[in-house]
Amino acid sequence: MERIVFLDRETLAPQIALRRPGFAHQLREYSRTAPEQVVERLQGATIAITNKVALREAQLRELPDLRLIAVAATGTDCIDKAWCSAQGIAVCNIRGYAVSTVPEHTFALILALRRSLVPYRREVLAGRWQRAGQFCFFDHPIADLAGARLGIVGRGVLGRQVAALGRAFGMDVIFAARKEATSDVSGCVAWDRFLATSDVITLHAPLTPQTRGLISMAEFRAMRRRPLLINTARGGLVNEADLTTALDQGLIAGAGFDVSVAEPPAADSPLLRIAARDNVILTPHVAWASDQAQQALADQLIGHLENFVAGSPSNLIEAAA
């Protein structure tokens with residue numbers, strides 16, 4: 001009988017159904033788990049489910065019964081994959097479930113910022129429309145998407161779907177080449193030209209040692225068109241202190257972020273200090289979280305457990321991933 005422990009069930013909304021696996025098992029769910037509770041709660045478990053609770057070598061070495069770690073998300077940076085590989089612990093993740101929800105949230109941020117929806121709503125609630133003296137007022141800039149250049153970092157399934165939505169709006173879509181590329185390669189635009197010619201830049205790349213701090217002061221200074229910067233991927237891709245400086249100096253037109261380096265961010269974090277600005281929208285890591293996407297995630301998660309127990313594991317992650 002498999003003993004399954006879900007360490008942070010609260011990372012899925014309460015209305016999302018988590019069906020029981022079709023094999024003999026015991027399942028224990030915890031709403032959330034603190035780091036110091038991990039070892040105790042996973043004692044005797046053969047399968048661990050985690051979304052954001054970290055499982056590192058110091059904890060894993062005390063869990064000899066563990067055979068599978070199922071990450072209830074796409075990102076697996078919370079798992080010590082090298083240790084798992086060396087000890088024969090399988091690691092799997094969720095893929096392809098957010099193909100609609102993340103791109104739609106990305107464009108919600110883009111549209112709201114390009115059309116100044118946040119400040120216009122605030123002005124209406126404050127009575128500015130009544131004081132305008134005519135049928136409309138023009139206190140904040142409004143810009144169309146049609147004809148603007150959409151620069152996308154990341155050419156995976158999410159990046160490609162964002163590109164499809166951008167083209168539907170009439171945008172000129174380009175993908176970024178790797179940072180070290182000095183010329184266009186494989187349909188991607190050289191990094192410097194990508195930064196200099198994009199009107200909107202949106203990030204859809206994983207957080208790795210190579211992408212951490214991908215957008216910092218040097219990149220902001222290279223953004224000649226003062227683009228919007230959208231991040232629905234990982235907080236660590238952007239240096240948050242430099243983001244504040246870039247906004248202060250007018251190097252970018254605005255920022256739409258669904259992620260932060262630390263989640264939740266500290267009250268005095270760079271993102272929360274700028275969150276009330278008219279040209280900033282900060283949402284609490286919910287781009288992925290439509291009901292439809294969450295249910296697809298939950299169904300896929302249980303499917304991975306069943307595949308593993310049946311001897312046909314799916315979505316396995318290698319140590320170098």
# chains A, B, ... in the order shown; residues from 1 in each chain; ligands from 1

$ closest_atom_pairs --of "stretch 140-229 of chain A" --to "stretch 270-279 of chain A" --cutoff "12 Å" --atoms "only C-alpha atoms" --output "CSV"
residue,atom,partner,partner_atom,distance
A:His140,CA,A:Asp278,CA,9.2
A:Pro141,CA,A:Asn279,CA,10.3
A:Ile142,CA,A:Asn279,CA,11.7
A:Pro227,CA,A:Asn279,CA,11.5
A:Leu228,CA,A:Asn279,CA,9.0
A:Leu229,CA,A:Asn279,CA,10.6

$ write_last_selection --atoms "C-alpha atoms" --output "short mmCIF file (atom, residue, chain, number, x, y, z; two decimals), in the first residue's frame"
data_model
loop_
_atom_site.label_atom_id
_atom_site.label_comp_id
_atom_site.auth_asym_id
_atom_site.auth_seq_id
_atom_site.Cartn_x
_atom_site.Cartn_y
_atom_site.Cartn_z
CA HIS A 140 -3.57 59.22 -18.62
CA PRO A 141 -1.97 57.80 -21.77
CA ILE A 142 -3.76 55.20 -23.89
CA PRO A 227 8.46 49.18 -22.87
CA LEU A 228 6.07 47.63 -20.44
CA LEU A 229 7.69 44.76 -18.56
#

$ residues_around --residues "stretch 180-183 of chain A" --least-positions-apart "5" --cutoff "12 Å" --atoms "only C-alpha atoms" --output "PyMOL selection string"
chain A and resi 188-194+210-211+214

$ atom_distance --atom1 "atom CA of A:Ala143" --atom2 "atom CA of A:Thr202"
17.0 Å

$ select_by_dssp --residues "stretch 236-279 of chain A" --states "strand (DSSP E)" --output "PyMOL selection string"
chain A and resi 254-257

$ write_last_selection --atoms "N, CA and C atoms" --output "short mmCIF file (atom, residue, chain, number, x, y, z; two decimals), in the first residue's frame"
data_model
loop_
_atom_site.label_atom_id
_atom_site.label_comp_id
_atom_site.auth_asym_id
_atom_site.auth_seq_id
_atom_site.Cartn_x
_atom_site.Cartn_y
_atom_site.Cartn_z
N GLY A 254 6.00 50.91 -17.58
CA GLY A 254 5.23 50.32 -16.50
C GLY A 254 5.60 48.88 -16.30
N ALA A 255 5.01 48.26 -15.28
CA ALA A 255 5.34 46.87 -14.95
C ALA A 255 4.08 46.14 -14.49
N GLY A 256 3.89 44.94 -15.02
CA GLY A 256 2.83 44.06 -14.57
C GLY A 256 3.44 42.76 -14.08
N PHE A 257 3.39 42.52 -12.78
CA PHE A 257 4.06 41.36 -12.18
C PHE A 257 3.05 40.49 -11.45
#

$ residues_around --residues "A:Ile152" --least-positions-apart "3" --cutoff "8 Å" --atoms "only C-alpha atoms" --output "ChimeraX atom specification"
/A:155,159,163,173-176,201-204

$ closest_atom_pairs --of "stretch 99-164 of chain A" --to "stretch 289-311 of chain A" --cutoff "12 Å" --atoms "only C-alpha atoms" --output "tab-separated table"
residue	atom	partner	partner_atom	distance
A:Val99	CA	A:Ala293	CA	8.3
A:Ser100	CA	A:Ala293	CA	7.9
A:Thr101	CA	A:Ser290	CA	6.0
A:Val102	CA	A:Ala289	CA	8.2
A:Pro103	CA	A:Ser290	CA	11.5
A:Glu104	CA	A:Ser290	CA	10.0
A:His105	CA	A:Ser290	CA	9.5

$ atom_distance --atom1 "atom CA of A:Glu219" --atom2 "atom CA of A:His285"
23.9 Å

$ residues_around --residues "A:Ile215" --least-positions-apart "2" --cutoff "7 Å" --atoms "only C-alpha atoms" --output "PyMOL selection string"
chain A and resi 213+219+237-239

$ closest_residue --among "A:Arg225, A:Pro265, A:Ala218, A:Trp129" --to "A:Thr245" --atoms "only C-alpha atoms"
A:Ala218

$ closest_atom_pairs --of "stretch 72-183 of chain A" --to "stretch 30-49 of chain A" --cutoff "10 Å" --atoms "only C-alpha atoms" --output "tab-separated table"
residue	atom	partner	partner_atom	distance
A:Ala72	CA	A:Ile49	CA	6.6
A:Ile89	CA	A:Ile47	CA	9.6
A:Ala90	CA	A:Ile47	CA	9.5
A:Val91	CA	A:Ala48	CA	9.6
A:Cys92	CA	A:Ile49	CA	9.8
A:Asn93	CA	A:Ile49	CA	9.9

$ write_last_selection --atoms "N, CA and C atoms" --output "short mmCIF file (atom, residue, chain, number, x, y, z; two decimals), in the first residue's frame"
data_model
loop_
_atom_site.label_atom_id
_atom_site.label_comp_id
_atom_site.auth_asym_id
_atom_site.auth_seq_id
_atom_site.Cartn_x
_atom_site.Cartn_y
_atom_site.Cartn_z
N ALA A 72 3.29 19.51 -7.59
CA ALA A 72 1.98 19.96 -8.08
C ALA A 72 2.09 21.31 -8.76
N ILE A 89 15.19 8.39 -6.12
CA ILE A 89 13.86 8.95 -5.87
C ILE A 89 13.39 9.64 -7.14
N ALA A 90 12.27 9.21 -7.67
CA ALA A 90 11.73 9.82 -8.89
C ALA A 90 11.09 11.17 -8.56
N VAL A 91 11.21 12.11 -9.50
CA VAL A 91 10.59 13.42 -9.37
C VAL A 91 9.80 13.69 -10.64
N CYS A 92 8.53 14.07 -10.49
CA CYS A 92 7.73 14.43 -11.67
C CYS A 92 7.05 15.77 -11.43
N ASN A 93 6.62 16.39 -12.51
CA ASN A 93 5.96 17.69 -12.40
C ASN A 93 4.74 17.75 -13.31
#
